[in-house]
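Chemist: Below you'll find the structure I mean.
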Amino acid sequence: MKTHTILMPLDMHLHLRDGVMLENVAPLTAFTYSGAIVMPNLVPPVDTLDAVKAYKERIMAAVPNDFFEPYMTLFYKNYDKEFLEHVADEITAVKLYPAGITTNSEGGVESFNIEEMRPTLQAMSDLGIPLCVHGETDGFVMDREAEFMSIYELLAKNFPDLKIIMEHITTKAAVDMLDKYPNLYATITVHHLLLTLDDVVGGMMMPHLFCKPIAKRPEDLDALLGLALEAHPKVMFGSDSAPHPQHKKESCGCAAGVFTAPISLQLLTEIFEQFGKLDNLQAFVSDNAQNIYGICPEFKEVTLEKRPFLVPENYAGVVPMYAGEVIGWAIESVD
Ligand SMILES: [Zn+2]
């Protein structure tokens, strides 16, 4: 039986939610991942030191038996330097949402006025706090990410020492942007390495594959695969696994988000094996992130086995990607 081992897998973009949902989904990630960047788009958003600490405690309480580090983030607003200095030890990054662009982002940035944002971003740059960005405009849905490229350029040029992470990139435009500025980095999800818009709405509409940013064209998929499979040193895996209760997905007004936490490592292994690039998976799913963020995760050794795995229909009321379908790799052991 063919196996493959990954050391200290990291998910650099994860939604754990709160309350019962947190309790249900956090153990699924903590089982196989050493750590994850936890996004702050709760209601209300995580934007104070107390909120960061309390949320981290709730996450740790939800995963009592696992070595798992939640790398906490702060919801971007204009903060003063004193506050950022105060909170720096408790957070790994600040996450910026354009207002109203995705789940619980209403309190995000309304307009990208660099001068209004300068004190905050310069302080983050000075303190070495990376900026994670949900890079979409409010334009036509297929063009939102490409339109945002000019804002990435503005940020990268104005704050050359600020690490800027283009989160969950989905387009060739973003792939082409990555090497234009030394301070730009990117995360890629597993579903955007598998799907185009055709898979979401080309036949029957598939609510469990609907997410923001929406999956794009075949040429975009190819560009993302190229970047991920070579494990470009500025690119990291970030699942953007985003659980919603089944009734919020299978309804009129389907919430955006694909739930991949329990199967992301298996799917990544399948993709990298298919393309003969298994040797690069370690860098994509851990080493690059350690270098970019300067983090040393808890030791974890995950061995996967090449055998059919039937994806469960749901995990505590949340339907995963590929529910009820068979994928090619399964988790064999976690040490
Ligand atoms: Zn996200």
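Residue numbering restarts at 1 in every chain; chains get A, B, ... in the order shown in the structure tokens, and ligands count up from 1 in that same order.
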Write as a ChimeraX atom specification the residues around ligand 1, taking 12 Å as the cut-off and counting only C-alpha atoms and all ligand atoms.

Modeler: /A:11-17,37-42,73,95-97,101-105,132-136,166-169,187-189,211-214,238-243,256-259

Chemist: Please list as an MDAnalysis selection string every residue within 9 Å of A:Met177, counting only C-alpha atoms and excluding residues in the same chain fewer than 3 positions away.

Modeler: chainID A and resid 149 152:153 172:174 180:181 184

Chemist: What does the file look like for those residues with C-alpha atoms, as a compact mmCIF listing (two decimals), in the first residue's frame?

Modeler:
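Below is the file that was written, out_38.txt:
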# COMPACT_ATOMS: atom_id res chain seq x y z
CA MET A 149 -4.88 43.79 -8.13
CA TYR A 152 -2.56 45.04 -3.84
CA GLU A 153 -0.06 47.11 -5.86
CA LYS A 172 -4.24 33.99 -13.17
CA ALA A 173 -4.14 37.74 -12.48
CA ALA A 174 -3.20 37.08 -8.86
CA LYS A 180 5.91 41.65 -9.01
CA TYR A 181 6.56 42.71 -5.40
CA LEU A 184 3.42 39.88 -1.65

Chemist: Could you pull out the residues in stretch 84-231 of chain A that DSSP calls helix (DSSP H, G or I) from the backbone, as a PDB file with N, CA, C and O atoms, in the first residue's frame?

Modeler:
ATOM      1  N   LEU A  84      -1.497  48.219  18.839  1.00  0.00           N
ATOM      2  CA  LEU A  84      -0.897  47.120  18.084  1.00  0.00           C
ATOM      3  C   LEU A  84       0.316  46.549  18.818  1.00  0.00           C
ATOM      4  O   LEU A  84       0.541  45.340  18.829  1.00  0.00           O
ATOM      5  N   GLU A  85       1.094  47.417  19.449  1.00  0.00           N
ATOM      6  CA  GLU A  85       2.236  46.952  20.252  1.00  0.00           C
ATOM      7  C   GLU A  85       1.751  46.057  21.392  1.00  0.00           C
ATOM      8  O   GLU A  85       2.324  45.015  21.689  1.00  0.00           O
ATOM      9  N   HIS A  86       0.662  46.485  21.982  1.00  0.00           N
ATOM     10  CA  HIS A  86       0.054  45.809  23.120  1.00  0.00           C
ATOM     11  C   HIS A  86      -0.440  44.408  22.734  1.00  0.00           C
ATOM     12  O   HIS A  86      -0.315  43.449  23.500  1.00  0.00           O
ATOM     13  N   VAL A  87      -0.962  44.285  21.511  1.00  0.00           N
ATOM     14  CA  VAL A  87      -1.625  43.047  21.089  1.00  0.00           C
ATOM     15  C   VAL A  87      -0.685  42.134  20.282  1.00  0.00           C
ATOM     16  O   VAL A  87      -0.988  40.967  20.045  1.00  0.00           O
ATOM     17  N   ALA A  88       0.485  42.686  19.895  1.00  0.00           N
ATOM     18  CA  ALA A  88       1.364  41.985  18.935  1.00  0.00           C
ATOM     19  C   ALA A  88       1.723  40.557  19.356  1.00  0.00           C
ATOM     20  O   ALA A  88       1.775  39.657  18.511  1.00  0.00           O
ATOM     21  N   ASP A  89       1.965  40.348  20.640  1.00  0.00           N
ATOM     22  CA  ASP A  89       2.373  39.020  21.094  1.00  0.00           C
ATOM     23  C   ASP A  89       1.243  37.998  21.016  1.00  0.00           C
ATOM     24  O   ASP A  89       1.493  36.795  21.049  1.00  0.00           O
ATOM     25  N   GLU A  90       0.019  38.470  20.959  1.00  0.00           N
ATOM     26  CA  GLU A  90      -1.130  37.560  20.983  1.00  0.00           C
ATOM     27  C   GLU A  90      -1.668  37.226  19.592  1.00  0.00           C
ATOM     28  O   GLU A  90      -2.546  36.374  19.455  1.00  0.00           O
ATOM     29  N   ILE A 114      -5.358  55.169   1.186  1.00  0.00           N
ATOM     30  CA  ILE A 114      -4.072  54.779   1.778  1.00  0.00           C
ATOM     31  C   ILE A 114      -3.667  55.722   2.903  1.00  0.00           C
ATOM     32  O   ILE A 114      -3.113  55.280   3.916  1.00  0.00           O
ATOM     33  N   GLU A 115      -3.964  57.019   2.742  1.00  0.00           N
ATOM     34  CA  GLU A 115      -3.533  57.943   3.797  1.00  0.00           C
ATOM     35  C   GLU A 115      -4.287  57.707   5.102  1.00  0.00           C
ATOM     36  O   GLU A 115      -3.725  57.833   6.180  1.00  0.00           O
ATOM     37  N   GLU A 116      -5.566  57.330   4.987  1.00  0.00           N
ATOM     38  CA  GLU A 116      -6.320  57.000   6.205  1.00  0.00           C
ATOM     39  C   GLU A 116      -5.801  55.720   6.859  1.00  0.00           C
ATOM     40  O   GLU A 116      -5.848  55.564   8.081  1.00  0.00           O
ATOM     41  N   MET A 117      -5.305  54.818   6.038  1.00  0.00           N
ATOM     42  CA  MET A 117      -4.856  53.519   6.547  1.00  0.00           C
ATOM     43  C   MET A 117      -3.382  53.540   6.960  1.00  0.00           C
ATOM     44  O   MET A 117      -2.917  52.629   7.641  1.00  0.00           O
ATOM     45  N   ARG A 118      -2.665  54.586   6.546  1.00  0.00           N
ATOM     46  CA  ARG A 118      -1.209  54.591   6.702  1.00  0.00           C
ATOM     47  C   ARG A 118      -0.719  54.387   8.148  1.00  0.00           C
ATOM     48  O   ARG A 118       0.165  53.547   8.372  1.00  0.00           O
ATOM     49  N   PRO A 119      -1.287  55.096   9.138  1.00  0.00           N
ATOM     50  CA  PRO A 119      -0.753  54.903  10.495  1.00  0.00           C
ATOM     51  C   PRO A 119      -0.834  53.442  10.957  1.00  0.00           C
ATOM     52  O   PRO A 119       0.107  52.919  11.542  1.00  0.00           O
ATOM     53  N   THR A 120      -1.958  52.801  10.659  1.00  0.00           N
ATOM     54  CA  THR A 120      -2.135  51.396  11.066  1.00  0.00           C
ATOM     55  C   THR A 120      -1.169  50.493  10.323  1.00  0.00           C
ATOM     56  O   THR A 120      -0.476  49.658  10.923  1.00  0.00           O
ATOM     57  N   LEU A 121      -1.136  50.647   8.996  1.00  0.00           N
ATOM     58  CA  LEU A 121      -0.305  49.740   8.194  1.00  0.00           C
ATOM     59  C   LEU A 121       1.180  49.977   8.447  1.00  0.00           C
ATOM     60  O   LEU A 121       1.969  49.024   8.463  1.00  0.00           O
ATOM     61  N   GLN A 122       1.569  51.225   8.660  1.00  0.00           N
ATOM     62  CA  GLN A 122       2.976  51.497   8.954  1.00  0.00           C
ATOM     63  C   GLN A 122       3.359  50.910  10.310  1.00  0.00           C
ATOM     64  O   GLN A 122       4.442  50.337  10.464  1.00  0.00           O
ATOM     65  N   ALA A 123       2.465  51.026  11.280  1.00  0.00           N
ATOM     66  CA  ALA A 123       2.738  50.440  12.596  1.00  0.00           C
ATOM     67  C   ALA A 123       2.857  48.918  12.482  1.00  0.00           C
ATOM     68  O   ALA A 123       3.754  48.306  13.069  1.00  0.00           O
ATOM     69  N   MET A 124       1.971  48.294  11.702  1.00  0.00           N
ATOM     70  CA  MET A 124       2.065  46.844  11.498  1.00  0.00           C
ATOM     71  C   MET A 124       3.386  46.484  10.844  1.00  0.00           C
ATOM     72  O   MET A 124       4.042  45.510  11.215  1.00  0.00           O
ATOM     73  N   SER A 125       3.777  47.281   9.857  1.00  0.00           N
ATOM     74  CA  SER A 125       5.042  47.052   9.163  1.00  0.00           C
ATOM     75  C   SER A 125       6.208  47.145  10.157  1.00  0.00           C
ATOM     76  O   SER A 125       7.082  46.275  10.199  1.00  0.00           O
ATOM     77  N   ASP A 126       6.206  48.178  10.984  1.00  0.00           N
ATOM     78  CA  ASP A 126       7.280  48.373  11.970  1.00  0.00           C
ATOM     79  C   ASP A 126       7.327  47.230  12.985  1.00  0.00           C
ATOM     80  O   ASP A 126       8.392  46.825  13.434  1.00  0.00           O
ATOM     81  N   LEU A 127       6.151  46.731  13.338  1.00  0.00           N
ATOM     82  CA  LEU A 127       6.077  45.684  14.359  1.00  0.00           C
ATOM     83  C   LEU A 127       6.203  44.277  13.766  1.00  0.00           C
ATOM     84  O   LEU A 127       6.210  43.288  14.501  1.00  0.00           O
ATOM     85  N   ARG A 144     -13.993  40.464  -9.681  1.00  0.00           N
ATOM     86  CA  ARG A 144     -13.672  41.128  -8.403  1.00  0.00           C
ATOM     87  C   ARG A 144     -12.225  40.972  -7.969  1.00  0.00           C
ATOM     88  O   ARG A 144     -11.621  41.914  -7.457  1.00  0.00           O
ATOM     89  N   GLU A 145     -11.678  39.778  -8.129  1.00  0.00           N
ATOM     90  CA  GLU A 145     -10.296  39.578  -7.679  1.00  0.00           C
ATOM     91  C   GLU A 145      -9.310  40.294  -8.613  1.00  0.00           C
ATOM     92  O   GLU A 145      -8.397  40.984  -8.144  1.00  0.00           O
ATOM     93  N   ALA A 146      -9.512  40.142  -9.906  1.00  0.00           N
ATOM     94  CA  ALA A 146      -8.603  40.806 -10.859  1.00  0.00           C
ATOM     95  C   ALA A 146      -8.640  42.320 -10.658  1.00  0.00           C
ATOM     96  O   ALA A 146      -7.600  42.989 -10.722  1.00  0.00           O
ATOM     97  N   GLU A 147      -9.835  42.862 -10.388  1.00  0.00           N
ATOM     98  CA  GLU A 147      -9.944  44.310 -10.153  1.00  0.00           C
ATOM     99  C   GLU A 147      -9.197  44.749  -8.894  1.00  0.00           C
ATOM    100  O   GLU A 147      -8.793  45.900  -8.777  1.00  0.00           O
ATOM    101  N   PHE A 148      -9.053  43.838  -7.970  1.00  0.00           N
ATOM    102  CA  PHE A 148      -8.401  44.190  -6.704  1.00  0.00           C
ATOM    103  C   PHE A 148      -6.882  44.283  -6.838  1.00  0.00           C
ATOM    104  O   PHE A 148      -6.207  44.788  -5.940  1.00  0.00           O
ATOM    105  N   MET A 149      -6.341  43.827  -7.981  1.00  0.00           N
ATOM    106  CA  MET A 149      -4.881  43.793  -8.135  1.00  0.00           C
ATOM    107  C   MET A 149      -4.261  45.179  -7.978  1.00  0.00           C
ATOM    108  O   MET A 149      -3.154  45.323  -7.461  1.00  0.00           O
ATOM    109  N   SER A 150      -4.965  46.218  -8.408  1.00  0.00           N
ATOM    110  CA  SER A 150      -4.407  47.568  -8.290  1.00  0.00           C
ATOM    111  C   SER A 150      -4.305  47.968  -6.817  1.00  0.00           C
ATOM    112  O   SER A 150      -3.408  48.730  -6.433  1.00  0.00           O
ATOM    113  N   ILE A 151      -5.207  47.448  -5.981  1.00  0.00           N
ATOM    114  CA  ILE A 151      -5.129  47.757  -4.539  1.00  0.00           C
ATOM    115  C   ILE A 151      -3.960  47.002  -3.905  1.00  0.00           C
ATOM    116  O   ILE A 151      -3.239  47.566  -3.077  1.00  0.00           O
ATOM    117  N   TYR A 152      -3.748  45.747  -4.328  1.00  0.00           N
ATOM    118  CA  TYR A 152      -2.556  45.038  -3.839  1.00  0.00           C
ATOM    119  C   TYR A 152      -1.289  45.811  -4.209  1.00  0.00           C
ATOM    120  O   TYR A 152      -0.355  45.920  -3.421  1.00  0.00           O
ATOM    121  N   GLU A 153      -1.255  46.353  -5.438  1.00  0.00           N
ATOM    122  CA  GLU A 153      -0.065  47.108  -5.864  1.00  0.00           C
ATOM    123  C   GLU A 153       0.142  48.347  -5.007  1.00  0.00           C
ATOM    124  O   GLU A 153       1.264  48.668  -4.597  1.00  0.00           O
ATOM    125  N   LEU A 154      -0.953  49.023  -4.737  1.00  0.00           N
ATOM    126  CA  LEU A 154      -0.900  50.233  -3.914  1.00  0.00           C
ATOM    127  C   LEU A 154      -0.364  49.900  -2.512  1.00  0.00           C
ATOM    128  O   LEU A 154       0.518  50.597  -1.980  1.00  0.00           O
ATOM    129  N   LEU A 155      -0.877  48.846  -1.944  1.00  0.00           N
ATOM    130  CA  LEU A 155      -0.432  48.428  -0.607  1.00  0.00           C
ATOM    131  C   LEU A 155       1.039  47.995  -0.631  1.00  0.00           C
ATOM    132  O   LEU A 155       1.835  48.400   0.217  1.00  0.00           O
ATOM    133  N   ALA A 156       1.392  47.197  -1.632  1.00  0.00           N
ATOM    134  CA  ALA A 156       2.764  46.655  -1.694  1.00  0.00           C
ATOM    135  C   ALA A 156       3.784  47.771  -1.896  1.00  0.00           C
ATOM    136  O   ALA A 156       4.863  47.753  -1.311  1.00  0.00           O
ATOM    137  N   LYS A 157       3.429  48.748  -2.724  1.00  0.00           N
ATOM    138  CA  LYS A 157       4.351  49.863  -3.010  1.00  0.00           C
ATOM    139  C   LYS A 157       4.487  50.786  -1.809  1.00  0.00           C
ATOM    140  O   LYS A 157       5.579  51.241  -1.485  1.00  0.00           O
ATOM    141  N   ASN A 158       3.383  51.091  -1.157  1.00  0.00           N
ATOM    142  CA  ASN A 158       3.408  52.054  -0.060  1.00  0.00           C
ATOM    143  C   ASN A 158       4.018  51.485   1.221  1.00  0.00           C
ATOM    144  O   ASN A 158       4.509  52.249   2.059  1.00  0.00           O
ATOM    145  N   LYS A 172      -5.560  33.848 -12.552  1.00  0.00           N
ATOM    146  CA  LYS A 172      -4.239  33.988 -13.166  1.00  0.00           C
ATOM    147  C   LYS A 172      -3.688  35.392 -12.889  1.00  0.00           C
ATOM    148  O   LYS A 172      -2.479  35.570 -12.724  1.00  0.00           O
ATOM    149  N   ALA A 173      -4.577  36.368 -12.775  1.00  0.00           N
ATOM    150  CA  ALA A 173      -4.139  37.741 -12.482  1.00  0.00           C
ATOM    151  C   ALA A 173      -3.377  37.799 -11.159  1.00  0.00           C
ATOM    152  O   ALA A 173      -2.344  38.463 -11.049  1.00  0.00           O
ATOM    153  N   ALA A 174      -3.872  37.092 -10.159  1.00  0.00           N
ATOM    154  CA  ALA A 174      -3.201  37.083  -8.857  1.00  0.00           C
ATOM    155  C   ALA A 174      -1.892  36.296  -8.922  1.00  0.00           C
ATOM    156  O   ALA A 174      -0.886  36.687  -8.321  1.00  0.00           O
ATOM    157  N   VAL A 175      -1.918  35.204  -9.664  1.00  0.00           N
ATOM    158  CA  VAL A 175      -0.680  34.423  -9.839  1.00  0.00           C
ATOM    159  C   VAL A 175       0.391  35.306 -10.486  1.00  0.00           C
ATOM    160  O   VAL A 175       1.547  35.313 -10.058  1.00  0.00           O
ATOM    161  N   ASP A 176      -0.004  36.068 -11.485  1.00  0.00           N
ATOM    162  CA  ASP A 176       0.957  36.946 -12.176  1.00  0.00           C
ATOM    163  C   ASP A 176       1.440  38.083 -11.272  1.00  0.00           C
ATOM    164  O   ASP A 176       2.540  38.603 -11.453  1.00  0.00           O
ATOM    165  N   MET A 177       0.615  38.498 -10.328  1.00  0.00           N
ATOM    166  CA  MET A 177       0.971  39.609  -9.425  1.00  0.00           C
ATOM    167  C   MET A 177       2.027  39.195  -8.396  1.00  0.00           C
ATOM    168  O   MET A 177       2.845  40.001  -7.956  1.00  0.00           O
ATOM    169  N   LEU A 178       2.023  37.929  -8.034  1.00  0.00           N
ATOM    170  CA  LEU A 178       2.808  37.450  -6.887  1.00  0.00           C
ATOM    171  C   LEU A 178       4.278  37.854  -6.943  1.00  0.00           C
ATOM    172  O   LEU A 178       4.849  38.296  -5.940  1.00  0.00           O
ATOM    173  N   HIS A 191      -9.954  23.574  -2.736  1.00  0.00           N
ATOM    174  CA  HIS A 191     -11.070  23.506  -3.702  1.00  0.00           C
ATOM    175  C   HIS A 191     -10.779  24.325  -4.958  1.00  0.00           C
ATOM    176  O   HIS A 191     -11.236  23.967  -6.043  1.00  0.00           O
ATOM    177  N   HIS A 192      -9.978  25.392  -4.797  1.00  0.00           N
ATOM    178  CA  HIS A 192      -9.631  26.154  -6.000  1.00  0.00           C
ATOM    179  C   HIS A 192      -8.553  25.459  -6.842  1.00  0.00           C
ATOM    180  O   HIS A 192      -8.229  25.929  -7.938  1.00  0.00           O
ATOM    181  N   LEU A 193      -8.000  24.348  -6.338  1.00  0.00           N
ATOM    182  CA  LEU A 193      -7.105  23.518  -7.155  1.00  0.00           C
ATOM    183  C   LEU A 193      -7.876  22.398  -7.852  1.00  0.00           C
ATOM    184  O   LEU A 193      -7.298  21.583  -8.563  1.00  0.00           O
ATOM    185  N   LEU A 197     -15.822  27.339 -12.281  1.00  0.00           N
ATOM    186  CA  LEU A 197     -17.216  27.749 -12.119  1.00  0.00           C
ATOM    187  C   LEU A 197     -18.176  26.711 -12.708  1.00  0.00           C
ATOM    188  O   LEU A 197     -19.310  26.570 -12.249  1.00  0.00           O
ATOM    189  N   ASP A 198     -17.691  25.985 -13.703  1.00  0.00           N
ATOM    190  CA  ASP A 198     -18.493  24.927 -14.310  1.00  0.00           C
ATOM    191  C   ASP A 198     -18.933  23.887 -13.287  1.00  0.00           C
ATOM    192  O   ASP A 198     -20.045  23.378 -13.350  1.00  0.00           O
ATOM    193  N   ASP A 199     -18.037  23.561 -12.362  1.00  0.00           N
ATOM    194  CA  ASP A 199     -18.368  22.565 -11.346  1.00  0.00           C
ATOM    195  C   ASP A 199     -19.430  23.075 -10.380  1.00  0.00           C
ATOM    196  O   ASP A 199     -20.139  22.292  -9.766  1.00  0.00           O
ATOM    197  N   VAL A 200     -19.516  24.395 -10.240  1.00  0.00           N
ATOM    198  CA  VAL A 200     -20.455  24.989  -9.282  1.00  0.00           C
ATOM    199  C   VAL A 200     -21.833  25.191  -9.906  1.00  0.00           C
ATOM    200  O   VAL A 200     -22.849  24.820  -9.316  1.00  0.00           O
ATOM    201  N   VAL A 201     -21.863  25.774 -11.100  1.00  0.00           N
ATOM    202  CA  VAL A 201     -23.158  26.112 -11.704  1.00  0.00           C
ATOM    203  C   VAL A 201     -23.308  25.662 -13.161  1.00  0.00           C
ATOM    204  O   VAL A 201     -24.277  26.013 -13.823  1.00  0.00           O
ATOM    205  N   GLY A 202     -22.343  24.870 -13.643  1.00  0.00           N
ATOM    206  CA  GLY A 202     -22.400  24.461 -15.055  1.00  0.00           C
ATOM    207  C   GLY A 202     -23.473  23.435 -15.340  1.00  0.00           C
ATOM    208  O   GLY A 202     -24.009  23.354 -16.443  1.00  0.00           O
ATOM    209  N   PRO A 207     -24.581  23.724  -4.135  1.00  0.00           N
ATOM    210  CA  PRO A 207     -24.404  24.699  -3.052  1.00  0.00           C
ATOM    211  C   PRO A 207     -23.159  24.454  -2.209  1.00  0.00           C
ATOM    212  O   PRO A 207     -22.571  25.399  -1.701  1.00  0.00           O
ATOM    213  N   HIS A 208     -22.754  23.194  -2.079  1.00  0.00           N
ATOM    214  CA  HIS A 208     -21.608  22.918  -1.198  1.00  0.00           C
ATOM    215  C   HIS A 208     -20.273  23.236  -1.878  1.00  0.00           C
ATOM    216  O   HIS A 208     -19.222  23.124  -1.247  1.00  0.00           O
ATOM    217  N   LEU A 209     -20.312  23.631  -3.143  1.00  0.00           N
ATOM    218  CA  LEU A 209     -19.094  24.078  -3.840  1.00  0.00           C
ATOM    219  C   LEU A 209     -19.102  25.589  -4.043  1.00  0.00           C
ATOM    220  O   LEU A 209     -18.185  26.143  -4.652  1.00  0.00           O
ATOM    221  N   PRO A 218     -10.997  27.735 -16.478  1.00  0.00           N
ATOM    222  CA  PRO A 218      -9.951  26.701 -16.572  1.00  0.00           C
ATOM    223  C   PRO A 218      -8.538  27.286 -16.592  1.00  0.00           C
ATOM    224  O   PRO A 218      -7.633  26.714 -15.982  1.00  0.00           O
ATOM    225  N   GLU A 219      -8.335  28.419 -17.263  1.00  0.00           N
ATOM    226  CA  GLU A 219      -6.966  28.983 -17.312  1.00  0.00           C
ATOM    227  C   GLU A 219      -6.521  29.480 -15.933  1.00  0.00           C
ATOM    228  O   GLU A 219      -5.331  29.474 -15.613  1.00  0.00           O
ATOM    229  N   ASP A 220      -7.492  29.907 -15.119  1.00  0.00           N
ATOM    230  CA  ASP A 220      -7.157  30.300 -13.744  1.00  0.00           C
ATOM    231  C   ASP A 220      -6.756  29.080 -12.919  1.00  0.00           C
ATOM    232  O   ASP A 220      -5.772  29.106 -12.185  1.00  0.00           O
ATOM    233  N   LEU A 221      -7.544  28.022 -13.063  1.00  0.00           N
ATOM    234  CA  LEU A 221      -7.240  26.769 -12.362  1.00  0.00           C
ATOM    235  C   LEU A 221      -5.834  26.294 -12.735  1.00  0.00           C
ATOM    236  O   LEU A 221      -5.041  25.904 -11.854  1.00  0.00           O
ATOM    237  N   ASP A 222      -5.499  26.338 -14.007  1.00  0.00           N
ATOM    238  CA  ASP A 222      -4.167  25.896 -14.446  1.00  0.00           C
ATOM    239  C   ASP A 222      -3.063  26.737 -13.814  1.00  0.00           C
ATOM    240  O   ASP A 222      -2.026  26.210 -13.402  1.00  0.00           O
ATOM    241  N   ALA A 223      -3.276  28.050 -13.752  1.00  0.00           N
ATOM    242  CA  ALA A 223      -2.259  28.936 -13.173  1.00  0.00           C
ATOM    243  C   ALA A 223      -2.074  28.637 -11.686  1.00  0.00           C
ATOM    244  O   ALA A 223      -0.944  28.597 -11.176  1.00  0.00           O
ATOM    245  N   LEU A 224      -3.184  28.403 -10.971  1.00  0.00           N
ATOM    246  CA  LEU A 224      -3.103  28.083  -9.535  1.00  0.00           C
ATOM    247  C   LEU A 224      -2.393  26.757  -9.321  1.00  0.00           C
ATOM    248  O   LEU A 224      -1.547  26.626  -8.420  1.00  0.00           O
ATOM    249  N   LEU A 225      -2.724  25.764 -10.146  1.00  0.00           N
ATOM    250  CA  LEU A 225      -2.072  24.457 -10.035  1.00  0.00           C
ATOM    251  C   LEU A 225      -0.574  24.582 -10.268  1.00  0.00           C
ATOM    252  O   LEU A 225       0.232  23.994  -9.543  1.00  0.00           O
ATOM    253  N   GLY A 226      -0.198  25.390 -11.253  1.00  0.00           N
ATOM    254  CA  GLY A 226       1.222  25.576 -11.552  1.00  0.00           C
ATOM    255  C   GLY A 226       1.972  26.097 -10.338  1.00  0.00           C
ATOM    256  O   GLY A 226       3.039  25.596  -9.976  1.00  0.00           O
ATOM    257  N   LEU A 227       1.386  27.076  -9.707  1.00  0.00           N
ATOM    258  CA  LEU A 227       2.012  27.711  -8.541  1.00  0.00           C
ATOM    259  C   LEU A 227       2.088  26.746  -7.346  1.00  0.00           C
ATOM    260  O   LEU A 227       3.122  26.624  -6.682  1.00  0.00           O
ATOM    261  N   ALA A 228       0.984  26.065  -7.074  1.00  0.00           N
ATOM    262  CA  ALA A 228       0.929  25.166  -5.912  1.00  0.00           C
ATOM    263  C   ALA A 228       1.827  23.949  -6.109  1.00  0.00           C
ATOM    264  O   ALA A 228       2.574  23.572  -5.207  1.00  0.00           O
ATOM    265  N   LEU A 229       1.771  23.357  -7.277  1.00  0.00           N
ATOM    266  CA  LEU A 229       2.508  22.107  -7.504  1.00  0.00           C
ATOM    267  C   LEU A 229       4.013  22.308  -7.482  1.00  0.00           C
ATOM    268  O   LEU A 229       4.759  21.403  -7.121  1.00  0.00           O
TER     269      LEU A 229
END

Chemist: Using Å and a single decimal, report how far atom CA of A:Gly128 sits from atom CA of A:Lys81.

Modeler: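 Separation between atom CA of A:Lys81 and atom CA of A:Gly128: 12.1 Å.
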
Chemist: Between A:Cys254, A:Tyr315, A:His4, A:Met236, which is the closest to A:Glu23 once you count only C-alpha atoms?

Modeler: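 Between A:Cys254, A:Tyr315, A:His4, A:Met236, the residue approaching A:Glu23 most closely is A:Tyr315.
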
Chemist: Give the strand (DSSP E) residues of stretch 110-186 of chain A, as assigned by DSSP on the backbone, as a list in words.

Modeler: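 After running DSSP on the backbone, stretch 110-186 of chain A has strand (DSSP E) at Leu131, Cys132, Val133, Ile164, Ile165, Met166, Leu184, Tyr185 and Ala186 of chain A.
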
Chemist: So which one's closest to A:Tyr76, A:Gly107, A:Leu267, A:Val52, A:Ala62? Using only C-alpha atoms, please.

Modeler: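 Looking at the shortest contact to A:Tyr76, the residue is A:Gly107.
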
Chemist: From the set A:Asn65, A:Ser34, A:Asn314, A:Thr137, which residue has the shortest atom-to-atom contact distance to A:Gln246, counting only C-alpha atoms?

Modeler: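 That would be A:Asn314, the residue with the smallest distance to A:Gln246.
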
Chemist: So which residues touch A:Gly100 within 9 Å, counting only C-alpha atoms, skipping near sequence neighbours fewer than 5 positions away, as a ChimeraX atom specification?

Modeler: /A:105-110,138

Chemist: Write out the residues from the selection above, keeping N, CA and C atoms, as a PDB file, in the first residue's frame.

Modeler:
ATOM      1  N   SER A 105     -18.466  40.440   7.142  1.00  0.00           N
ATOM      2  CA  SER A 105     -17.420  41.422   6.832  1.00  0.00           C
ATOM      3  C   SER A 105     -17.962  42.844   6.809  1.00  0.00           C
ATOM      4  N   GLU A 106     -19.166  43.021   7.369  1.00  0.00           N
ATOM      5  CA  GLU A 106     -19.825  44.334   7.302  1.00  0.00           C
ATOM      6  C   GLU A 106     -18.972  45.451   7.912  1.00  0.00           C
ATOM      7  N   GLY A 107     -18.178  45.129   8.938  1.00  0.00           N
ATOM      8  CA  GLY A 107     -17.362  46.150   9.589  1.00  0.00           C
ATOM      9  C   GLY A 107     -16.016  46.371   8.924  1.00  0.00           C
ATOM     10  N   GLY A 108     -15.852  45.875   7.710  1.00  0.00           N
ATOM     11  CA  GLY A 108     -14.557  45.959   7.029  1.00  0.00           C
ATOM     12  C   GLY A 108     -14.286  47.324   6.414  1.00  0.00           C
ATOM     13  N   VAL A 109     -13.267  47.362   5.538  1.00  0.00           N
ATOM     14  CA  VAL A 109     -12.801  48.621   4.966  1.00  0.00           C
ATOM     15  C   VAL A 109     -13.752  49.078   3.856  1.00  0.00           C
ATOM     16  N   GLU A 110     -14.242  50.317   3.964  1.00  0.00           N
ATOM     17  CA  GLU A 110     -15.194  50.856   2.984  1.00  0.00           C
ATOM     18  C   GLU A 110     -14.476  51.338   1.724  1.00  0.00           C
ATOM     19  N   ASP A 138     -16.181  45.246  -5.173  1.00  0.00           N
ATOM     20  CA  ASP A 138     -17.614  44.941  -5.259  1.00  0.00           C
ATOM     21  C   ASP A 138     -18.091  44.944  -6.712  1.00  0.00           C
TER      22      ASP A 138
END

Chemist: Quick one: of A:Asn78, A:Thr171, A:Ser286, A:Gln274, who's nearest to A:Ala215, counting only C-alpha atoms?

Modeler: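 For A:Ala215, the nearest of the candidates is A:Thr171.
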
Chemist: Do you have the atom CA of A:Val311-atom CA of A:Ile327 distance handy?

Modeler: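 Distance between the two atoms: 7.2 Å.
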
Chemist: I'd like the interatomic distance between atom CA of A:Met142 and atom CA of A:Pro44, to a tenth of an Å.

Modeler: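 Going from atom CA of A:Met142 over to atom CA of A:Pro44 covers 29.0 Å.
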